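Down below is the structure, laid out as structure tokens.
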Amino acid sequence: MSAQILTVKMENIGNLFKAIAADQKLYLPLEQAGQVQFLPYDPADDSQKVRLDVLNTVRSAKDLFFPQSENMVAFKKQGKKIDIIENREKVEAFTVFGVRACDARSFDILDRVFLSEPVDVSYAERRARGTVVTLACNEPEETCFCETFGIDAAKPDGDITTWIADGLLWWQANTNKGVKLTDKLLSVDAGLFVDSTGEAKALEEQQEKIREIISQLPLHGLSLEYFHKEELKTIFNSPKWQELSEACIGCGTCTFVCPTCQCYDIRDYDTGNGVQRYRCWDSCMYSDFVMMAHGNPRTSQVERFRQRFMHKLVYYPANNEGIFSCVGCGRCLAKCPSSMNIVKVAKTIGGEANV
Amino acid sequence: MQNADREINKEKISVAEMAKQILEQGRADRLMGWKRGEFFYDNSPAVFENLSELDDFVYDLFCGSNLSKFLVKESRKDGKIAVLLKPCDRYSFNQLVKEHRIIKDNVLPVEIDCDGMLDIDKIRALGIKGIKKITVDGDQLQIDTVYGPKTCAREDVLLMKCLTCKDRVGGDRFELVKEIEAMSSVERYEFWRSELSKCIRCNACRNVCPACTCEKCVFDNDKSGIANKANTDSFEESLYHMIRAFHVAGRCTDCGECTRVCPQNIPLHLINRKIIKDLNEFYGEYQAGEDDFSKGPLTRFDLDDVEPDIVMERGGNK
Ligand code: SF4
Ligand code: SF4
Ligand code: SF4
Ligand code: SF4
């Protein structure tokens, strides 16, 4: 792929956003009532506040590929007939800018679930139409532990990688999709970027700096070695789950903010003379999760709590070449009402083997 | 009548010492308190069963979580459990005892002091990142971060609930409610639309709420016909929030937990405070959880209670 490195002055970044948004939806980390979310950018609305300084949006970027709720199909009664109405949202091409390295990696984890047979059509469509532009993390937080999963915050994946250094935004396309977007931008405005290939010293220094900070973070060196399938039974039967789950209020916040949580529910909404079938995020922390005719097979919170972490640390890796279903974004560390989270679980269950 | 018996810290020993003595002297079989976290600010509610477990006990500026609701479950287990109650938490505890949700004979309530708890989210919102350590220096906090030292005023990063602590003369807790009342209906709608449309329906506000202790919430109950796990539009969340607010009306002690836990920082307490303010105006000053026996304004009938047309008299929808 192209090793070409382009730059645009930070003060002109608005032009870049406008150019991208000219013929497609562009999602940016925007402020909404004090919080930052990936929301559609509107070049005409100058009240929008782009926040490239905030590391993690509350809802992760997975929302754009696997939305919290979406219609699947509707049924309508017409006399003795039932009409089946396809009303899935039509997905147009879009770009998301400002995805962090952790969230970018979460797509690989979701892909393994949603893109393997039977392929999830909605997700596949959004993945095919969406271009991911990532942004390196100049100021990682103390809750970040992407490094544990081999993620490099100084060089995130994505169709295009960008960095902010020395008053410039540095831009490098990694995939065909990324090259296509870059070419299109250049065809619209040849002067948008300056070619800085071979003059990327400031960028390299910034990368060094990021790696240096990562090595100083409190969770640096966190190892999950203990969590492999051979230990499945021991981990499952650990007496520690009881005390760990005591603080959990079963709210599901951790699952909803997590970029790698992938469970959903399919529900029928009674529209009066028909049914709207939709799917929405679900949480293994909930009492009605995997509800069957006889009830929820996990009858207590300790079982539900254990499920979330067993899935991330043992079951998913067992089925996916040892890859964990966590990217170390730290959202669950920051957002759990009881400050219970995957790091505490890993350290407690992993015990001495895991410091 | 009077409130259930309490342990009070007469000798003014440290809370950790109190906890130790309670377990040592067998005054309770277990103790509910807070356990030290991974960092210095992420303490978790925890049950301690013996002295060695107390090694991880902590009581510091990051023990904002209210332990009362855990007792709904804990008081149904064998043996007696001691629970540490900050001044604000006592109201929730009383209210839960009043509603017979806590089996009070199985609980030893322990009253502890509090100078106000800090809110790590507010510190982060100031743009302070990579937080390693915080030292209190009078009214100021010295914050050691990966990006060098920072400072901020303690007052600016107290938990919302601590700003108008019931135990101290504080600010007017209805100040913002009054501002919202003064808005036009369009402005008010816009305010709540932008706040509530952030909601991700994680249910943290409901699950943490000491007034929400239904065995099966209507929103989780398939058979209720209104179980809703997802919003059909971004404002549909108002339904959930309004139903919840009405269901806790007259029982909400204004403990502030909903606002503390909301991952989207929605000022949920303002909805409840509006209802509290109205109840005060209609039925006279009332504080839910002030005691664990008296009837609340909505569970009592007096001949001079307001009539429904009060809505018209007050001008309704401006
Ligand atoms: S976890 Fe890593 S990639 Fe994610 S925000 Fe933190 S530093 Fe960046
Ligand atoms: S671990 Fe925390 S965020 Fe997750 S369900 Fe339990 S209390 Fe909620
Ligand atoms: S488990 Fe927690 S740290 Fe890991 S990806 Fe999910 S939210 Fe992020
Ligand atoms: S805690 Fe916040 S985001 Fe979660 S359901 Fe309540 S209001 Fe919504």
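Simple scheme: letters A, B, ... for chains in structure tokens order, numbers from 1 for residues in each chain, numbers from 1 for ligands in the order shown.
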
Within 6 Å of ligand 3, counting only C-alpha atoms and all ligand atoms, residues as a PyMOL selection string = chain A and resi 254+257-260+326-332+342

Write the residues you've just listed into a file as a short mmCIF file (atom, residue, chain, number, x, y, z; two decimals), in the first residue's frame, and include N, CA, C and O atoms for each of them.
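The resulting file, selection.cif, is shown below:
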data_model
loop_
_atom_site.label_atom_id
_atom_site.label_comp_id
_atom_site.auth_asym_id
_atom_site.auth_seq_id
_atom_site.Cartn_x
_atom_site.Cartn_y
_atom_site.Cartn_z
N CYS A 254 -21.17 -1.62 31.34
CA CYS A 254 -19.90 -2.11 30.79
C CYS A 254 -20.09 -2.69 29.40
O CYS A 254 -19.25 -2.49 28.52
N VAL A 257 -20.91 0.24 26.73
CA VAL A 257 -19.81 1.13 26.34
C VAL A 257 -18.66 0.36 25.68
O VAL A 257 -17.77 0.95 25.08
N CYS A 258 -18.69 -0.95 25.77
CA CYS A 258 -17.58 -1.77 25.28
C CYS A 258 -17.57 -1.89 23.76
O CYS A 258 -18.58 -2.23 23.16
N PRO A 259 -16.42 -1.64 23.13
CA PRO A 259 -16.36 -1.73 21.67
C PRO A 259 -16.39 -3.17 21.16
O PRO A 259 -16.60 -3.39 19.98
N THR A 260 -16.17 -4.15 22.02
CA THR A 260 -16.12 -5.52 21.53
C THR A 260 -17.31 -6.36 21.95
O THR A 260 -17.45 -7.50 21.50
N CYS A 326 -11.19 -8.12 24.05
CA CYS A 326 -11.05 -6.86 24.77
C CYS A 326 -9.92 -6.14 24.06
O CYS A 326 -8.99 -6.78 23.57
N VAL A 327 -10.02 -4.82 23.96
CA VAL A 327 -8.96 -4.07 23.30
C VAL A 327 -8.30 -3.07 24.25
O VAL A 327 -7.51 -2.23 23.83
N GLY A 328 -8.68 -3.15 25.53
CA GLY A 328 -8.03 -2.30 26.52
C GLY A 328 -8.37 -0.83 26.44
O GLY A 328 -7.58 0.02 26.84
N CYS A 329 -9.57 -0.52 25.96
CA CYS A 329 -9.94 0.90 25.80
C CYS A 329 -10.14 1.59 27.15
O CYS A 329 -10.07 2.81 27.24
N GLY A 330 -10.44 0.80 28.17
CA GLY A 330 -10.60 1.38 29.51
C GLY A 330 -11.97 1.96 29.80
O GLY A 330 -12.20 2.50 30.87
N ARG A 331 -12.91 1.83 28.85
CA ARG A 331 -14.23 2.42 29.10
C ARG A 331 -14.91 1.78 30.31
O ARG A 331 -15.51 2.48 31.13
N CYS A 332 -14.82 0.46 30.43
CA CYS A 332 -15.50 -0.18 31.55
C CYS A 332 -14.82 0.19 32.87
O CYS A 332 -15.46 0.19 33.92
N ILE A 342 -12.74 -5.38 34.08
CA ILE A 342 -11.97 -6.50 33.53
C ILE A 342 -10.55 -6.57 34.11
O ILE A 342 -10.00 -7.66 34.26
#

Compile a residue-level contact table for chain B against ligand 4 at a cut-off of 12 Å, reporting for every qualifying residue the shortest atom pair and its distance in Å to one decimal, with only C-alpha atoms and all ligand atoms counted, rows ordered by chain and ascending number, as a Markdown table.
| residue | atom | partner | partner_atom_place_in_ligand_line | distance |
| --- | --- | --- | --- | --- |
| B:Trp192 | CA | ligand 4 | 7 (S) | 11.4 |
| B:Glu195 | CA | ligand 4 | 7 (S) | 8.9 |
| B:Leu196 | CA | ligand 4 | 7 (S) | 6.9 |
| B:Ser197 | CA | ligand 4 | 8 (Fe) | 8.7 |
| B:Lys198 | CA | ligand 4 | 3 (S) | 6.7 |
| B:Cys199 | CA | ligand 4 | 8 (Fe) | 3.7 |
| B:Ile200 | CA | ligand 4 | 3 (S) | 4.4 |
| B:Arg201 | CA | ligand 4 | 5 (S) | 3.6 |
| B:Cys202 | CA | ligand 4 | 4 (Fe) | 4.0 |
| B:Asn203 | CA | ligand 4 | 5 (S) | 3.9 |
| B:Ala204 | CA | ligand 4 | 1 (S) | 4.2 |
| B:Cys205 | CA | ligand 4 | 1 (S) | 4.0 |
| B:Arg206 | CA | ligand 4 | 6 (Fe) | 6.4 |
| B:Asn207 | CA | ligand 4 | 1 (S) | 8.6 |
| B:Val208 | CA | ligand 4 | 1 (S) | 8.7 |
| B:Cys209 | CA | ligand 4 | 6 (Fe) | 10.0 |
| B:Phe219 | CA | ligand 4 | 5 (S) | 11.4 |
| B:Asn228 | CA | ligand 4 | 5 (S) | 11.7 |
| B:Lys229 | CA | ligand 4 | 5 (S) | 10.2 |
| B:Ala230 | CA | ligand 4 | 5 (S) | 10.6 |
| B:Asn231 | CA | ligand 4 | 8 (Fe) | 10.8 |
| B:Ser234 | CA | ligand 4 | 8 (Fe) | 11.4 |
| B:Phe235 | CA | ligand 4 | 8 (Fe) | 11.4 |
| B:Glu236 | CA | ligand 4 | 8 (Fe) | 11.3 |
| B:Glu237 | CA | ligand 4 | 8 (Fe) | 7.7 |
| B:Ser238 | CA | ligand 4 | 7 (S) | 9.5 |
| B:Leu239 | CA | ligand 4 | 8 (Fe) | 11.5 |
| B:Tyr240 | CA | ligand 4 | 5 (S) | 8.5 |
| B:His241 | CA | ligand 4 | 7 (S) | 7.4 |
| B:Met242 | CA | ligand 4 | 7 (S) | 11.0 |
| B:Arg244 | CA | ligand 4 | 6 (Fe) | 10.1 |
| B:Ala245 | CA | ligand 4 | 7 (S) | 11.4 |
| B:Gly256 | CA | ligand 4 | 1 (S) | 11.8 |
| B:Glu257 | CA | ligand 4 | 1 (S) | 9.6 |
| B:Cys258 | CA | ligand 4 | 1 (S) | 6.4 |
| B:Thr259 | CA | ligand 4 | 1 (S) | 7.4 |
| B:Arg260 | CA | ligand 4 | 1 (S) | 8.6 |
| B:Val261 | CA | ligand 4 | 1 (S) | 6.0 |
| B:Cys262 | CA | ligand 4 | 1 (S) | 3.6 |
| B:Pro263 | CA | ligand 4 | 2 (Fe) | 5.6 |
| B:Gln264 | CA | ligand 4 | 3 (S) | 5.3 |
| B:Asn265 | CA | ligand 4 | 2 (Fe) | 6.7 |
| B:Ile266 | CA | ligand 4 | 2 (Fe) | 5.9 |
| B:Pro267 | CA | ligand 4 | 7 (S) | 8.3 |
| B:Leu268 | CA | ligand 4 | 7 (S) | 6.7 |
| B:His269 | CA | ligand 4 | 7 (S) | 10.2 |
| B:Leu270 | CA | ligand 4 | 7 (S) | 11.8 |
| B:Ile271 | CA | ligand 4 | 7 (S) | 11.1 |

Could the residues that lie within 7 Å of ligand 2, counting only C-alpha atoms and all ligand atoms, be listed as a ChimeraX atom specification?
-> /A:247-255,285,305,332,335-341 /B:204

Please check which protein, DNA or RNA residues sit within 6 Å of ligand 1, counting only C-alpha atoms and all ligand atoms, and write them as a tab-separated table (two decimals) with N, CA and C atoms, in the first residue's frame.
chain	number	residue	atom	x	y	z
A	55	LEU	N	-10.14	11.42	24.30
A	55	LEU	CA	-9.65	10.13	23.82
A	55	LEU	C	-10.77	9.20	23.40
A	56	ASN	N	-11.61	8.87	24.35
A	56	ASN	CA	-12.65	7.89	24.07
A	56	ASN	C	-14.03	8.51	24.13
A	100	ARG	N	-9.90	5.73	17.58
A	100	ARG	CA	-8.63	5.43	18.26
A	100	ARG	C	-8.18	4.00	17.97
A	101	ALA	N	-6.92	3.73	18.27
A	101	ALA	CA	-6.33	2.42	17.95
A	101	ALA	C	-7.12	1.26	18.55
A	102	CYS	N	-7.61	1.47	19.78
A	102	CYS	CA	-8.34	0.38	20.45
A	102	CYS	C	-9.64	0.08	19.71
A	137	CYS	N	-3.08	8.36	19.55
A	137	CYS	CA	-3.41	8.95	20.85
A	137	CYS	C	-2.21	9.72	21.41
A	140	PRO	N	-2.57	9.31	26.02
A	140	PRO	CA	-3.28	8.16	26.59
A	140	PRO	C	-3.65	8.42	28.06
A	141	GLU	N	-4.70	7.73	28.50
A	141	GLU	CA	-5.20	7.88	29.87
A	141	GLU	C	-4.61	6.78	30.75
A	144	CYS	N	-5.94	3.26	30.04
A	144	CYS	CA	-5.65	2.60	28.76
A	144	CYS	C	-4.71	1.40	28.96
A	145	PHE	N	-5.05	0.28	28.31
A	145	PHE	CA	-4.12	-0.86	28.32
A	145	PHE	C	-4.17	-1.61	26.99
A	146	CYS	N	-4.29	-0.84	25.92
A	146	CYS	CA	-4.30	-1.41	24.57
A	146	CYS	C	-3.05	-2.23	24.31
A	153	ALA	N	-0.81	2.38	20.04
A	153	ALA	CA	-1.56	3.64	20.02
A	153	ALA	C	-0.86	4.69	19.17
A	328	GLY	N	-8.68	-3.15	25.53
A	328	GLY	CA	-8.03	-2.30	26.52
A	328	GLY	C	-8.37	-0.83	26.44
A	329	CYS	N	-9.57	-0.52	25.96
A	329	CYS	CA	-9.94	0.90	25.80
A	329	CYS	C	-10.14	1.59	27.15

Spatial neighbours of range 222-237 of chain A, 10 Å, only C-alpha atoms, chain gap at least 5 places, as JSON, numbers by chain | {"A": [145, 146, 147, 148, 149, 303, 306, 307, 309, 310, 312, 313, 314, 315, 316, 317, 318, 319, 322, 323, 324, 343, 346, 347, 349, 350, 351, 352, 353, 354, 355]}

Mind dumping the selected residues with C-alpha atoms as an mmCIF file, in the first residue's frame?
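Once written, result.cif looks like this:
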data_model
loop_
_atom_site.group_PDB
_atom_site.id
_atom_site.type_symbol
_atom_site.label_atom_id
_atom_site.label_comp_id
_atom_site.auth_asym_id
_atom_site.auth_seq_id
_atom_site.Cartn_x
_atom_site.Cartn_y
_atom_site.Cartn_z
ATOM 1 C CA PHE A 145 -4.122 -0.859 28.324
ATOM 2 C CA CYS A 146 -4.302 -1.411 24.566
ATOM 3 C CA GLU A 147 -0.649 -2.423 24.724
ATOM 4 C CA THR A 148 -1.656 -5.674 26.459
ATOM 5 C CA PHE A 149 -3.343 -6.695 23.208
ATOM 6 C CA GLU A 303 -23.194 -16.461 36.838
ATOM 7 C CA ARG A 306 -18.749 -14.551 35.189
ATOM 8 C CA GLN A 307 -20.164 -15.035 31.690
ATOM 9 C CA PHE A 309 -15.473 -12.109 31.563
ATOM 10 C CA MET A 310 -15.284 -15.778 30.591
ATOM 11 C CA LYS A 312 -13.859 -12.033 26.759
ATOM 12 C CA LEU A 313 -10.927 -13.813 28.330
ATOM 13 C CA VAL A 314 -11.508 -17.524 27.684
ATOM 14 C CA TYR A 315 -14.333 -18.558 25.314
ATOM 15 C CA TYR A 316 -13.709 -16.026 22.563
ATOM 16 C CA PRO A 317 -9.938 -16.654 22.467
ATOM 17 C CA ALA A 318 -10.564 -20.417 22.519
ATOM 18 C CA ASN A 319 -12.511 -20.049 19.281
ATOM 19 C CA GLY A 322 -6.091 -16.919 21.284
ATOM 20 C CA ILE A 323 -7.307 -13.403 20.488
ATOM 21 C CA PHE A 324 -9.000 -11.786 23.481
ATOM 22 C CA VAL A 343 -8.620 -5.465 35.010
ATOM 23 C CA ALA A 346 -8.035 -10.461 35.461
ATOM 24 C CA LYS A 347 -5.768 -9.610 38.385
ATOM 25 C CA ILE A 349 -8.619 -14.530 39.003
ATOM 26 C CA GLY A 350 -5.180 -14.633 37.435
ATOM 27 C CA GLY A 351 -3.736 -14.074 40.901
ATOM 28 C CA GLU A 352 0.019 -14.117 41.221
ATOM 29 C CA ALA A 353 0.319 -15.544 37.709
ATOM 30 C CA ASN A 354 -0.864 -12.233 36.443
ATOM 31 C CA VAL A 355 0.820 -9.154 37.819
#

Skipping near chain neighbours, those fewer than 6 positions away, what residues fall within 12 Å of Val36 in chain A using only C-alpha atoms, listed as a PyMOL selection string?
-> (chain A and resi 27-30+48-61+98) or (chain B and resi 125+198+263-265)

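The closest residue to Thr151 in chain B, picked from B:Gly315, B:Gly289, B:Gly127, B:Pro308 and counting only C-alpha atoms, is B:Gly127.
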
Write out as number ranges by chain all residues of range 15-66 of chain B that backbone DSSP assigns to alpha helix (DSSP H).
-> B: 15-24

With C-alpha atoms retained, export the selected residues as a compact mmCIF listing (two decimals), in the first residue's frame.
# COMPACT_ATOMS: atom_id res chain seq x y z
CA VAL B 15 -13.64 4.32 60.08
CA ALA B 16 -11.20 1.50 59.34
CA GLU B 17 -10.68 1.00 63.08
CA MET B 18 -14.44 0.96 63.63
CA ALA B 19 -14.85 -1.66 60.95
CA LYS B 20 -12.14 -3.75 62.56
CA GLN B 21 -13.68 -3.52 66.03
CA ILE B 22 -17.12 -4.50 64.76
CA LEU B 23 -15.83 -7.72 63.21
CA GLU B 24 -13.36 -8.38 66.05

What lies within 8 Å of range 36-39 of chain B using only C-alpha atoms, ignoring chain neighbours under 4 positions off, as a ChimeraX atom specification?
-> /A:339,343-344 /B:43-44,56-58,132
